[in-house]
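The structure appears below as structure tokens.
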Amino acid sequence: MFTRIDHVGIACRDLDATAEFYRTAFGFEVAHEEVNEEQGVREAMLRVNGTDDGGASYLQLLEPTREDSPVAKFLAKNGEGVHHVAFGTSDVAGAAGAIGGRGVRVLDAEPRHGTMDSLITFLHPKDCGGVLTELVQARGATGGDGGER
Ligand code: CMX
Ligand code: CO
């Protein structure tokens, strides 16, 4: 069902300063940056490695764009740090349906827009051992067979 860790989401207060830390300390460059108003974040993707399923693995740095957003609430409660883990799949709706059928709360009725034109959905952290879990279908991955569009 899952083919990679798509990304680890990291909550931060200052996206540019945090990206600069990852560049100077670890040598990671920002591969992509965008604002997702629906999720209330400005986000930067730092590519760690490519995988053979049409996707890749990233660190996702997240800065809140509004105070009522999930990342702003998380920062107020916990401070900066790991916010979520995201698994890559070729069929996000199918994976969410299967996992939902096992009693895990799926937070989105339909997959939503994610970074780099991916499709995403979230699973409730209280049903996942305290870990907010995201499912990601990378752009180009097709439902079911993992092929390229
Ligand atoms: N990891 C682990 N636990 C978390 C969490 C996280 N990231 N966020 C919240 N929780 C916990 C809280 O600590 C709290 O626990 P307690 O009841 O024990 O105190 C509980 O979940 C409820 O948290 P809350 O602060 O009251 O927040 P809400 O219930 O309003 O929302 C959640 C929680 C998970 C439903 C919401 O954050 C959500 O819908 N998240 C998915 C969307 C998202 O995070 N988007 C940003 C990332 C975008 C991207 O990756 O592209
Ligand atoms: Co994410």
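Quick note on naming: the chains in the structure tokens go A, B, ... in the order shown, residues restart at 1 in each chain, and ligands are numbered from 1 in order of appearance.
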Write out as JSON lines the residues of chain A that have any atom within 6 Å of an atom of ligand 1, one row each with the nearest atom pair and its distance in Å to one decimal, counting only C-alpha atoms and all ligand atoms, sorted by chain and then rising number.
```
{"residue": "A:Gln39", "atom": "CA", "partner": "ligand 1", "partner_atom_place_in_ligand_line": "45 (N)", "distance": 4.9}
{"residue": "A:Pro70", "atom": "CA", "partner": "ligand 1", "partner_atom_place_in_ligand_line": "37 (O)", "distance": 4.2}
{"residue": "A:Val71", "atom": "CA", "partner": "ligand 1", "partner_atom_place_in_ligand_line": "46 (C)", "distance": 5.6}
{"residue": "A:Lys73", "atom": "CA", "partner": "ligand 1", "partner_atom_place_in_ligand_line": "25 (O)", "distance": 5.6}
{"residue": "A:Phe74", "atom": "CA", "partner": "ligand 1", "partner_atom_place_in_ligand_line": "8 (N)", "distance": 5.6}
{"residue": "A:His83", "atom": "CA", "partner": "ligand 1", "partner_atom_place_in_ligand_line": "7 (N)", "distance": 4.3}
{"residue": "A:His84", "atom": "CA", "partner": "ligand 1", "partner_atom_place_in_ligand_line": "7 (N)", "distance": 5.4}
{"residue": "A:Gly114", "atom": "CA", "partner": "ligand 1", "partner_atom_place_in_ligand_line": "51 (O)", "distance": 5.4}
{"residue": "A:Phe122", "atom": "CA", "partner": "ligand 1", "partner_atom_place_in_ligand_line": "41 (C)", "distance": 5.5}
{"residue": "A:His124", "atom": "CA", "partner": "ligand 1", "partner_atom_place_in_ligand_line": "34 (C)", "distance": 5.4}
{"residue": "A:Pro125", "atom": "CA", "partner": "ligand 1", "partner_atom_place_in_ligand_line": "3 (N)", "distance": 5.1}
{"residue": "A:Gly130", "atom": "CA", "partner": "ligand 1", "partner_atom_place_in_ligand_line": "2 (C)", "distance": 4.9}
{"residue": "A:Val131", "atom": "CA", "partner": "ligand 1", "partner_atom_place_in_ligand_line": "2 (C)", "distance": 4.7}
{"residue": "A:Leu132", "atom": "CA", "partner": "ligand 1", "partner_atom_place_in_ligand_line": "1 (N)", "distance": 4.4}
```
Residues as selected, N, CA and C atoms, written as a compact mmCIF listing (two decimals), in the first residue's frame, can you do that?
```txt
# COMPACT_ATOMS: atom_id res chain seq x y z
N GLN A 39 -4.67 24.81 3.99
CA GLN A 39 -4.02 24.22 5.17
C GLN A 39 -3.45 25.30 6.10
N PRO A 70 -3.83 24.53 11.88
CA PRO A 70 -3.28 23.41 12.67
C PRO A 70 -1.83 23.63 13.10
N VAL A 71 -1.02 24.18 12.23
CA VAL A 71 0.41 24.34 12.57
C VAL A 71 0.58 25.44 13.63
N LYS A 73 -1.62 26.21 15.95
CA LYS A 73 -2.06 25.60 17.21
C LYS A 73 -0.99 24.67 17.77
N PHE A 74 -0.37 23.89 16.87
CA PHE A 74 0.68 22.96 17.29
C PHE A 74 1.86 23.72 17.89
N HIS A 83 5.97 17.62 13.19
CA HIS A 83 4.51 17.84 13.21
C HIS A 83 3.75 16.63 12.68
N HIS A 84 4.26 16.00 11.60
CA HIS A 84 3.58 14.82 11.05
C HIS A 84 4.52 13.99 10.20
N GLY A 114 -2.38 18.97 -2.15
CA GLY A 114 -1.16 19.05 -1.36
C GLY A 114 -0.05 19.67 -2.16
N PHE A 122 -5.36 13.24 5.74
CA PHE A 122 -4.76 13.09 7.06
C PHE A 122 -5.54 12.07 7.90
N HIS A 124 -6.24 10.86 12.01
CA HIS A 124 -6.21 11.52 13.33
C HIS A 124 -5.06 10.99 14.18
N PRO A 125 -4.26 11.89 14.77
CA PRO A 125 -3.12 11.41 15.58
C PRO A 125 -3.53 10.54 16.76
N GLY A 130 -0.48 8.77 18.53
CA GLY A 130 0.02 10.12 18.83
C GLY A 130 0.75 10.78 17.67
N VAL A 131 0.75 10.13 16.50
CA VAL A 131 1.45 10.68 15.33
C VAL A 131 0.43 11.14 14.29
N LEU A 132 0.36 12.45 14.02
CA LEU A 132 -0.45 12.91 12.90
C LEU A 132 0.14 12.30 11.63
```
* To do: Could you tell me, counting only C-alpha atoms and all ligand atoms, which protein and nucleic acid residues lie no more than 7 Å from ligand 2, written as a VMD selection string?
  => chain A and resid 7 to 9 60 84 86 134
File dump, residues just selected, all heavy atoms, as a short mmCIF file (atom, residue, chain, number, x, y, z; two decimals), in the first residue's frame:
```cif
data_model
loop_
_atom_site.label_atom_id
_atom_site.label_comp_id
_atom_site.auth_asym_id
_atom_site.auth_seq_id
_atom_site.Cartn_x
_atom_site.Cartn_y
_atom_site.Cartn_z
N HIS A 7 7.27 12.41 3.15
CA HIS A 7 7.95 13.51 3.85
C HIS A 7 7.72 13.43 5.35
O HIS A 7 6.80 12.74 5.82
CB HIS A 7 7.53 14.88 3.31
CG HIS A 7 6.08 15.23 3.48
ND1 HIS A 7 5.14 15.00 2.50
CD2 HIS A 7 5.41 15.82 4.51
CE1 HIS A 7 3.95 15.44 2.92
NE2 HIS A 7 4.09 15.94 4.14
N VAL A 8 8.57 14.13 6.06
CA VAL A 8 8.39 14.39 7.48
C VAL A 8 8.11 15.89 7.58
O VAL A 8 8.88 16.71 7.07
CB VAL A 8 9.64 14.01 8.29
CG1 VAL A 8 9.48 14.42 9.75
CG2 VAL A 8 9.92 12.52 8.16
N GLY A 9 6.96 16.24 8.18
CA GLY A 9 6.56 17.64 8.31
C GLY A 9 7.11 18.23 9.60
O GLY A 9 6.95 17.65 10.68
N GLN A 60 9.49 18.53 4.95
CA GLN A 60 8.53 19.60 4.64
C GLN A 60 8.55 20.58 5.80
O GLN A 60 8.09 20.26 6.89
CB GLN A 60 7.13 19.00 4.47
CG GLN A 60 6.06 20.03 4.13
CD GLN A 60 4.68 19.39 4.00
OE1 GLN A 60 4.23 18.70 4.90
NE2 GLN A 60 4.01 19.61 2.88
N HIS A 84 4.26 16.00 11.60
CA HIS A 84 3.58 14.82 11.05
C HIS A 84 4.52 13.99 10.20
O HIS A 84 5.59 14.44 9.81
CB HIS A 84 2.34 15.23 10.24
CG HIS A 84 2.61 16.05 9.02
ND1 HIS A 84 2.67 17.42 9.04
CD2 HIS A 84 2.82 15.71 7.72
CE1 HIS A 84 2.89 17.88 7.82
NE2 HIS A 84 3.01 16.86 7.00
N ALA A 86 4.40 11.53 6.67
CA ALA A 86 3.57 11.29 5.47
C ALA A 86 4.10 10.09 4.70
O ALA A 86 5.29 10.02 4.37
CB ALA A 86 3.58 12.53 4.57
N GLU A 134 -0.12 11.53 7.44
CA GLU A 134 -0.62 12.03 6.16
C GLU A 134 -0.36 10.97 5.09
O GLU A 134 0.66 10.28 5.14
CB GLU A 134 0.12 13.33 5.81
CG GLU A 134 -0.28 13.98 4.49
CD GLU A 134 0.55 15.25 4.19
OE1 GLU A 134 1.35 15.69 5.05
OE2 GLU A 134 0.39 15.79 3.08
#
```
* To do: Identify, with DSSP run on backbone atoms, the residues in segment 10-124 of chain A assigned to alpha helix (DSSP H), and express the list as a ChimeraX atom specification.
  => /A:15-26,70-78,92-100
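Considering the residues A:Asp127, A:Asp91, A:Glu63, A:Glu20 and counting only C-alpha atoms, Arg105 of chain A has its shortest atom-to-atom contact with A:Asp127.
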* To do: Name the residues in contact with Leu123 of chain A at a cut-off of 6 Å, using only C-alpha atoms, excluding same-chain residues fewer than 2 positions from it; report them as a PyMOL selection string.
  => chain A and resi 105-107+133
For the residues in the current selection, export C-alpha atoms as a compact mmCIF listing (two decimals), in the first residue's frame.
```txt
# COMPACT_ATOMS: atom_id res chain seq x y z
CA ARG A 105 -10.41 8.39 11.66
CA VAL A 106 -9.73 9.85 8.21
CA LEU A 107 -9.86 13.65 8.56
CA THR A 133 -0.21 10.80 9.74
```
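Close contacts of Phe2 of chain A, defined as residues with an atom at most 9 Å away when counting only C-alpha atoms, with chain neighbours fewer than 4 positions off set aside, comprise Phe87, Gly88, Thr89, Ser90, Ala95 and Leu135 of chain A.
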For those residues, write N, CA and C atoms to a file as a PDB file, in the first residue's frame.
```pdb
ATOM      1  N   PHE A  87       3.187   9.156   4.403  1.00  0.00           N
ATOM      2  CA  PHE A  87       3.535   7.974   3.619  1.00  0.00           C
ATOM      3  C   PHE A  87       3.104   8.169   2.174  1.00  0.00           C
ATOM      4  N   GLY A  88       3.917   7.702   1.235  1.00  0.00           N
ATOM      5  CA  GLY A  88       3.604   7.803  -0.182  1.00  0.00           C
ATOM      6  C   GLY A  88       2.850   6.582  -0.671  1.00  0.00           C
ATOM      7  N   THR A  89       1.849   6.832  -1.535  1.00  0.00           N
ATOM      8  CA  THR A  89       1.041   5.751  -2.110  1.00  0.00           C
ATOM      9  C   THR A  89       0.661   6.137  -3.532  1.00  0.00           C
ATOM     10  N   SER A  90       0.364   5.159  -4.349  1.00  0.00           N
ATOM     11  CA  SER A  90      -0.116   5.455  -5.704  1.00  0.00           C
ATOM     12  C   SER A  90      -1.632   5.652  -5.731  1.00  0.00           C
ATOM     13  N   ALA A  95      -6.138   3.934  -0.195  1.00  0.00           N
ATOM     14  CA  ALA A  95      -5.432   3.707   1.072  1.00  0.00           C
ATOM     15  C   ALA A  95      -6.251   4.259   2.239  1.00  0.00           C
ATOM     16  N   LEU A 135      -1.285  10.853   4.158  1.00  0.00           N
ATOM     17  CA  LEU A 135      -1.107   9.971   3.005  1.00  0.00           C
ATOM     18  C   LEU A 135      -0.957  10.851   1.773  1.00  0.00           C
TER      19      LEU A 135
END
```
* Asked: Hey, what's within 12 Å of Ala141 of chain A if we count only C-alpha atoms and toss same-chain stuff fewer than 6 positions away? As a PyMOL selection string, please?
  -> chain A and resi 3+52-56+88-92+117-119+147-149
* To do: Tell me, as a VMD selection string, which residues lie within 9 Å of Leu15 of chain A, counting only C-alpha atoms; anything in the same chain fewer than 3 positions away does not count.
  => chain A and resid 11 to 12 18 to 20 42 to 44 61 to 63
Taking C-alpha atoms for each residue, export the selection above as a PDB file, in the first residue's frame.
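To be explicit, this is the file written out as out-v7.pdb:
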```pdb
ATOM      1  CA  ALA A  11       6.617  22.986  12.254  1.00  0.00           C
ATOM      2  CA  CYS A  12       8.640  26.187  12.457  1.00  0.00           C
ATOM      3  CA  THR A  18      14.783  27.128   9.220  1.00  0.00           C
ATOM      4  CA  ALA A  19      15.519  26.391   5.545  1.00  0.00           C
ATOM      5  CA  GLU A  20      18.834  28.201   5.966  1.00  0.00           C
ATOM      6  CA  ARG A  42       3.754  28.388   3.823  1.00  0.00           C
ATOM      7  CA  GLU A  43       5.842  25.324   3.093  1.00  0.00           C
ATOM      8  CA  ALA A  44       9.248  24.407   1.712  1.00  0.00           C
ATOM      9  CA  LEU A  61       9.101  22.800   6.583  1.00  0.00           C
ATOM     10  CA  LEU A  62       5.820  24.413   7.674  1.00  0.00           C
ATOM     11  CA  GLU A  63       5.264  28.019   8.786  1.00  0.00           C
TER      12      GLU A  63
END
```
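Distances from A:His32, A:His113, A:Lys77, A:Arg13 to Thr65 of chain A were compared using only C-alpha atoms, and the smallest one belongs to A:Arg13.
The shortest atom-to-atom distance to Leu46 of chain A, with only C-alpha atoms taken into account, belongs to A:Asp6 out of A:Asp14, A:Asp68, A:Asp108, A:Asp6.
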* Give the strand (DSSP E or B) residues of chain A, as assigned by DSSP on the backbone, as a VMD selection string. => chain A and resid 4 to 11 30 to 36 41 to 50 56 to 64 81 to 88 106 112 to 114 118 to 123 133 to 137 141 148
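Taking atom CA of Ala25 of chain A as the reference point, atom CA of Val85 of chain A is found at 21.8 Å.
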